[in-house]
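Structure first, commentary second.
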Amino acid sequence: AYVAAITFIFLNLIGHCYGDLQFGFYNGKCGTSDIEDIVRRTVVAKFFADKTIAPALIRMQFHDCFVNGCDASILLDGTNSEKTAPPNLSVRGYDVIDAAKVAVERVCPGVVSCADVIVMATRDVISLVNNTKCNGSYQNFIIIFNSGGGRYNVQTGRRDGTTSLAQNTASLPSPSTSVSSAIQAFASKGLTATDMIYLLGGHTIGATHCSFIKDRIYNFKNTGKPDPNMDWALLSSLRRTCPQNATVDRAANLDQNPFSSSVVDKSFYNQIMLHRGVLQIDQELAIDSLSKSTVATIASSSDFTTKFGQAMVKLGAIQVLTGTQGEIRIGFVIVLNLTSHCYGALEFGFYNGKCKFSDVEDIVRRTVYSKFLRDRTIAPALIRMQFHDCFVNSGGRRYSVQTGRRDGRVSLARNTQTLPPPSASVSSAIRAFARKGLNPTDMLYLLGGHTIGIAHCSLFQDRLYNFQNSGKPDPTMDVTLLASLRKTCAQNATVDRTVNLDQNPLSSKVIDKSFYTQIMSRRGVLQIDQQLALDGLTKSKVAAIAASSDFNTKFGQAMVKMGAIQVLTGTQGEIRSSCR
């Protein structure tokens, strides 16, 4: 997969216009807030913490724009989204885009698209790469950066896409593609051969993994020999970095000039003319008759940064959604309409008007969003917390919740005996849920929360080694899962390690129905989870959920019901000033 990188330059590009995009699209739409400055400051802070975000964001924009157009579809989660496709598994920088989006939403909710954030952030990080040579101080750099030096203008007004499919990434050119096929691929996106050559010049920064180049240095086109077009000194160097039988997939700089591998300049072209291109497509640019004269021209030119910036602007205009097309994403969440249900004295919008003009739910939401961007494991942790809280003293998607609860004053360890253990039978679990006013269907959907989260080995080790004191593993467990879990959870281990409860690696961080498919394949980790797919009381319902299309809605409804278990309202309990 390409690591596209771009240089910095202040360009006056207002003579060009692509579709309904325009320079300064957000001016006046967010009060007095300067949206581009907010994104810029977020990127600066992230860059000073990790300078490798420069090639990472450049690659992200290329991989986003080259698939469905510049619509931020690469950001969407899902079991078969673009993120899950092999070319995108090593794409990084999501945390930078998330942080910039949060900062923008704070001052201008629901207006700025994620697609525009990607393009603005990429432009800004490119500007940072060379400007920081002069001054490494964050505070002083902000002054230099805000002066506009070394930046190109970008058009905005994009809307976000709603579709993200792994199979669509087939349009991404591979590192071993020929020049002619690469030209055809870029032409299909409205880019010329010259645009392509400038954009691939972004390889002047960034790195590639050995797995992408190992054939060139050991078995080029199944000859058993290295690529004869590679400089011998480079070959020796890459072989030291990438041993033939290495177990670790190390990385090598794409620009092999040690003095410019972290600077966006035309050095890349000089290197490939010396047969020192690392990726096959890079080297072919300097050899193929379709491109070598352009490469030589760029290598001797003085306007690379200007032309490169222009090519980046064209890349950012591929198949954009504007006007009323697509959507403006607010975050990772979808709102479910559950207002037709009401439990006890709880109500939707309970705090409306009680805290002057403050939006209490928005304050909580923004706090959670900020925490989630730093640690995504809080998702299963909070689901488990609510279950354990409601069951004692009683979103992957956003659903409306009723509020108006009061805090309890009693917390006793012995009361946790009402929590069903991981080894509970289906019938006993049904009875436990029934005592809390929840039916078997509620229970099945709530246990579907195991689609994310983990369990410690100690909770299921008996299933691996001594199921029901038989001295053998649980016979209902899939043998490949058994072998995998035994590697993680050694019988006499002194450390209590963890495993994912959803054993589908593509969806273990996404709240979806994958969990039910896994347990139907006998790949449930906890005993209670596996029994749901086997017991006559529940197995038909498990199959129905696995084949359904409304899991998220039903899961949200079950969570709302759980949140209404034995609540205190009115003058009951208290309102704690500190939740602890």
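In the structure tokens, each chain is lettered A, B, ... as it comes, each chain's residues begin at 1, and ligands are numbered from 1 in order of appearance.
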Neighbouring residues of segment 449-453 of chain A were defined as those with any atom within 7 Å, considering only C-alpha atoms; residues of the same chain fewer than 5 positions away were excluded. Please report them as a list in words.
Pro380, Asn500, Leu501, Asp502, Ser508, Lys509, Val510, Ile511, Asp512, Ser514 and Phe515 of chain A
Keeping only all heavy atoms, write the selected residues to a file as a PDB file, in the first residue's frame.
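out.pdb, written as the output of this step:
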ATOM      1  N   PRO A 380     -16.494  -1.697  26.436  1.00  0.00           N
ATOM      2  CA  PRO A 380     -16.990  -2.858  27.185  1.00  0.00           C
ATOM      3  C   PRO A 380     -16.952  -2.645  28.691  1.00  0.00           C
ATOM      4  O   PRO A 380     -17.777  -3.193  29.426  1.00  0.00           O
ATOM      5  CB  PRO A 380     -16.037  -3.981  26.748  1.00  0.00           C
ATOM      6  CG  PRO A 380     -14.804  -3.296  26.290  1.00  0.00           C
ATOM      7  CD  PRO A 380     -15.292  -2.020  25.649  1.00  0.00           C
ATOM      8  N   ASN A 500     -10.376 -11.960  23.864  1.00  0.00           N
ATOM      9  CA  ASN A 500     -11.608 -11.339  23.387  1.00  0.00           C
ATOM     10  C   ASN A 500     -12.780 -12.298  23.527  1.00  0.00           C
ATOM     11  O   ASN A 500     -12.649 -13.495  23.247  1.00  0.00           O
ATOM     12  CB  ASN A 500     -11.478 -10.927  21.915  1.00  0.00           C
ATOM     13  CG  ASN A 500     -10.540  -9.769  21.710  1.00  0.00           C
ATOM     14  OD1 ASN A 500     -10.378  -8.930  22.586  1.00  0.00           O
ATOM     15  ND2 ASN A 500      -9.910  -9.710  20.549  1.00  0.00           N
ATOM     16  N   LEU A 501     -13.922 -11.787  23.936  1.00  0.00           N
ATOM     17  CA  LEU A 501     -15.119 -12.622  24.030  1.00  0.00           C
ATOM     18  C   LEU A 501     -15.717 -12.899  22.661  1.00  0.00           C
ATOM     19  O   LEU A 501     -16.360 -13.934  22.455  1.00  0.00           O
ATOM     20  CB  LEU A 501     -16.158 -11.945  24.933  1.00  0.00           C
ATOM     21  CG  LEU A 501     -15.804 -11.953  26.425  1.00  0.00           C
ATOM     22  CD1 LEU A 501     -16.769 -11.083  27.210  1.00  0.00           C
ATOM     23  CD2 LEU A 501     -15.823 -13.376  26.970  1.00  0.00           C
ATOM     24  N   ASP A 502     -15.557 -11.986  21.719  1.00  0.00           N
ATOM     25  CA  ASP A 502     -15.945 -12.236  20.334  1.00  0.00           C
ATOM     26  C   ASP A 502     -14.680 -12.642  19.597  1.00  0.00           C
ATOM     27  O   ASP A 502     -13.753 -11.848  19.448  1.00  0.00           O
ATOM     28  CB  ASP A 502     -16.557 -10.975  19.709  1.00  0.00           C
ATOM     29  CG  ASP A 502     -17.069 -11.209  18.285  1.00  0.00           C
ATOM     30  OD1 ASP A 502     -16.676 -12.215  17.666  1.00  0.00           O
ATOM     31  OD2 ASP A 502     -17.848 -10.370  17.800  1.00  0.00           O
ATOM     32  N   SER A 508     -14.267  -7.702  16.893  1.00  0.00           N
ATOM     33  CA  SER A 508     -14.182  -7.794  18.352  1.00  0.00           C
ATOM     34  C   SER A 508     -14.193  -6.431  19.037  1.00  0.00           C
ATOM     35  O   SER A 508     -14.258  -6.354  20.259  1.00  0.00           O
ATOM     36  CB  SER A 508     -12.919  -8.569  18.759  1.00  0.00           C
ATOM     37  OG  SER A 508     -11.759  -7.937  18.270  1.00  0.00           O
ATOM     38  N   LYS A 509     -14.141  -5.340  18.240  1.00  0.00           N
ATOM     39  CA  LYS A 509     -14.212  -3.996  18.811  1.00  0.00           C
ATOM     40  C   LYS A 509     -15.459  -3.249  18.335  1.00  0.00           C
ATOM     41  O   LYS A 509     -15.566  -2.042  18.497  1.00  0.00           O
ATOM     42  CB  LYS A 509     -12.951  -3.200  18.447  1.00  0.00           C
ATOM     43  CG  LYS A 509     -11.674  -3.769  19.049  1.00  0.00           C
ATOM     44  CD  LYS A 509     -10.472  -2.942  18.654  1.00  0.00           C
ATOM     45  CE  LYS A 509      -9.195  -3.526  19.250  1.00  0.00           C
ATOM     46  NZ  LYS A 509      -7.988  -2.759  18.861  1.00  0.00           N
ATOM     47  N   VAL A 510     -16.366  -3.985  17.715  1.00  0.00           N
ATOM     48  CA  VAL A 510     -17.566  -3.378  17.153  1.00  0.00           C
ATOM     49  C   VAL A 510     -18.795  -4.047  17.758  1.00  0.00           C
ATOM     50  O   VAL A 510     -18.855  -5.267  17.863  1.00  0.00           O
ATOM     51  CB  VAL A 510     -17.593  -3.547  15.614  1.00  0.00           C
ATOM     52  CG1 VAL A 510     -18.836  -2.895  15.031  1.00  0.00           C
ATOM     53  CG2 VAL A 510     -16.335  -2.977  14.992  1.00  0.00           C
ATOM     54  N   ILE A 511     -19.767  -3.252  18.162  1.00  0.00           N
ATOM     55  CA  ILE A 511     -21.003  -3.822  18.687  1.00  0.00           C
ATOM     56  C   ILE A 511     -21.889  -4.212  17.522  1.00  0.00           C
ATOM     57  O   ILE A 511     -22.481  -3.358  16.855  1.00  0.00           O
ATOM     58  CB  ILE A 511     -21.727  -2.826  19.619  1.00  0.00           C
ATOM     59  CG1 ILE A 511     -20.870  -2.572  20.860  1.00  0.00           C
ATOM     60  CG2 ILE A 511     -23.090  -3.362  20.014  1.00  0.00           C
ATOM     61  CD1 ILE A 511     -21.492  -1.629  21.853  1.00  0.00           C
ATOM     62  N   ASP A 512     -21.951  -5.515  17.249  1.00  0.00           N
ATOM     63  CA  ASP A 512     -22.774  -6.022  16.165  1.00  0.00           C
ATOM     64  C   ASP A 512     -23.212  -7.441  16.515  1.00  0.00           C
ATOM     65  O   ASP A 512     -22.986  -7.919  17.624  1.00  0.00           O
ATOM     66  CB  ASP A 512     -22.009  -5.988  14.837  1.00  0.00           C
ATOM     67  CG  ASP A 512     -20.719  -6.802  14.866  1.00  0.00           C
ATOM     68  OD1 ASP A 512     -20.542  -7.620  15.794  1.00  0.00           O
ATOM     69  OD2 ASP A 512     -19.883  -6.637  13.968  1.00  0.00           O
ATOM     70  N   SER A 514     -22.103 -10.252  15.379  1.00  0.00           N
ATOM     71  CA  SER A 514     -21.066 -11.265  15.127  1.00  0.00           C
ATOM     72  C   SER A 514     -20.972 -12.288  16.256  1.00  0.00           C
ATOM     73  O   SER A 514     -20.716 -13.463  16.018  1.00  0.00           O
ATOM     74  CB  SER A 514     -19.711 -10.589  14.938  1.00  0.00           C
ATOM     75  OG  SER A 514     -18.663 -11.527  14.985  1.00  0.00           O
ATOM     76  N   PHE A 515     -21.189 -11.831  17.497  1.00  0.00           N
ATOM     77  CA  PHE A 515     -21.113 -12.711  18.669  1.00  0.00           C
ATOM     78  C   PHE A 515     -22.002 -13.941  18.497  1.00  0.00           C
ATOM     79  O   PHE A 515     -21.612 -15.066  18.813  1.00  0.00           O
ATOM     80  CB  PHE A 515     -21.523 -11.912  19.908  1.00  0.00           C
ATOM     81  CG  PHE A 515     -21.857 -12.730  21.119  1.00  0.00           C
ATOM     82  CD1 PHE A 515     -20.860 -13.289  21.900  1.00  0.00           C
ATOM     83  CD2 PHE A 515     -23.182 -12.943  21.485  1.00  0.00           C
ATOM     84  CE1 PHE A 515     -21.174 -14.035  23.031  1.00  0.00           C
ATOM     85  CE2 PHE A 515     -23.506 -13.685  22.603  1.00  0.00           C
ATOM     86  CZ  PHE A 515     -22.496 -14.237  23.381  1.00  0.00           C
TER      87      PHE A 515
END
Between A:Ile118, A:Cys242, A:Ile205, A:Cys70, single out the one closest to Gln256 of chain A, counting only C-alpha atoms.
A:Ile205
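Near segment 521-532 of chain A, within 8 Å and counting only C-alpha atoms, sit Pro422, Ser423, Ala424, Ser425, Val426, Leu444, Leu447, Leu459, Phe460, Arg463, Thr476, Met477, Asp478, Leu481, Leu501, Asp502, Gln503, Thr517, Gln518, Asp535, Thr538, Lys539 and Val542 of chain A; same-chain residues fewer than 3 positions away were not included.
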Using only C-alpha atoms, which protein or nucleic acid residues come within 12 Å of Leu172 of chain A? Drop anything in the same chain fewer than 4 positions from it, and give the result as number ranges by chain.
A: 1-3, 59, 62-69, 82, 85-88, 166-168, 176-177, 181-182, 184-186, 188-189
Find the spatial neighbours of Lys51 of chain A, counting only C-alpha atoms, within a cut-off of 12 Å - ignore same-chain residues fewer than 2 positions away - and output them as a count of residues only.
25
I need the residue nearest Gly28 of chain A from this list: A:Val560, A:Ala115, A:Leu534, A:Cys108. Use only C-alpha atoms for the distance.
A:Cys108
Applying 9 Å and only C-alpha atoms, which residues near Tyr26 of chain A remain after dropping the ones on its own chain fewer than 2 positions away? List them as a short mmCIF file (atom, residue, chain, number, x, y, z; two decimals) with N, CA, C and O atoms, in the first residue's frame.
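Contents of selection.cif, freshly written:
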data_model
loop_
_atom_site.label_atom_id
_atom_site.label_comp_id
_atom_site.auth_asym_id
_atom_site.auth_seq_id
_atom_site.Cartn_x
_atom_site.Cartn_y
_atom_site.Cartn_z
N PHE A 23 -12.86 27.60 -1.38
CA PHE A 23 -11.94 28.04 -0.34
C PHE A 23 -12.74 28.81 0.71
O PHE A 23 -13.59 29.63 0.39
N GLY A 24 -12.49 28.50 1.98
CA GLY A 24 -13.17 29.20 3.06
C GLY A 24 -14.64 28.85 3.18
O GLY A 24 -15.45 29.69 3.59
N GLY A 28 -17.96 32.05 8.47
CA GLY A 28 -19.27 32.58 8.82
C GLY A 28 -20.31 31.54 9.18
O GLY A 28 -21.41 31.89 9.62
N LYS A 29 -19.98 30.25 8.99
CA LYS A 29 -20.96 29.19 9.31
C LYS A 29 -20.87 28.74 10.76
O LYS A 29 -21.75 28.00 11.24
N CYS A 30 -19.83 29.15 11.46
CA CYS A 30 -19.62 28.72 12.85
C CYS A 30 -19.35 29.94 13.73
O CYS A 30 -18.41 29.94 14.55
N ASP A 34 -12.74 29.98 13.77
CA ASP A 34 -11.94 29.68 12.58
C ASP A 34 -11.70 28.17 12.56
O ASP A 34 -10.85 27.65 13.26
N ILE A 35 -12.50 27.46 11.77
CA ILE A 35 -12.46 26.00 11.76
C ILE A 35 -11.09 25.48 11.34
O ILE A 35 -10.55 24.55 11.94
N GLU A 36 -10.50 26.07 10.31
CA GLU A 36 -9.20 25.59 9.84
C GLU A 36 -8.13 25.80 10.91
O GLU A 36 -7.22 24.98 11.06
N VAL A 111 -21.72 20.60 11.62
CA VAL A 111 -21.51 21.43 10.42
C VAL A 111 -20.32 20.96 9.59
O VAL A 111 -20.39 20.91 8.37
N VAL A 112 -19.22 20.62 10.25
CA VAL A 112 -17.97 20.30 9.55
C VAL A 112 -17.88 18.80 9.31
O VAL A 112 -18.05 17.99 10.22
N THR A 156 -12.91 23.35 0.74
CA THR A 156 -13.74 22.59 1.66
C THR A 156 -15.20 22.62 1.21
O THR A 156 -15.53 23.27 0.22
N GLY A 157 -16.04 21.90 1.93
CA GLY A 157 -17.44 21.78 1.55
C GLY A 157 -17.82 20.35 1.24
O GLY A 157 -18.92 20.09 0.74
#
Name all residues at most 8 Å from Glu327 of chain A (count only C-alpha atoms; drop same-chain ones fewer than 4 positions away) and give them as a list of chain:residue names.
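So, after excluding close chain neighbours, the residues are A:Ser113, A:Arg159, A:Asp160, A:Gly161, A:Thr162.
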Prev. selection, C-alpha atoms, output as an mmCIF file, in the first residue's frame:
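Output contents, as saved in out08.cif:
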data_model
loop_
_atom_site.group_PDB
_atom_site.id
_atom_site.type_symbol
_atom_site.label_atom_id
_atom_site.label_comp_id
_atom_site.auth_asym_id
_atom_site.auth_seq_id
_atom_site.Cartn_x
_atom_site.Cartn_y
_atom_site.Cartn_z
ATOM 1 C CA SER A 113 -17.527 16.987 7.729
ATOM 2 C CA ARG A 159 -19.922 15.790 2.825
ATOM 3 C CA ASP A 160 -19.355 12.388 4.443
ATOM 4 C CA GLY A 161 -20.204 9.115 2.749
ATOM 5 C CA THR A 162 -22.475 6.488 4.277
#
Considering only C-alpha atoms, state which residue in the set A:Asn466, A:Pro173, A:Thr441, A:Gly573 is at the smallest distance from Ile545 of chain A.
A:Thr441
Measuring atom to atom with only C-alpha atoms, identify which of A:Trp232, A:Arg576, A:Gly224, A:Arg40 is nearest to Arg406 of chain A.
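Between A:Trp232, A:Arg576, A:Gly224, A:Arg40, the residue approaching Arg406 of chain A most closely is A:Arg576.
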Using only C-alpha atoms, pick whichever of A:Leu254, A:Val313, A:Cys210, A:Val107 has the shortest atom-to-atom distance to Gly31 of chain A.
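Residue with the minimum atom-to-atom distance to Gly31 of chain A: A:Val107.
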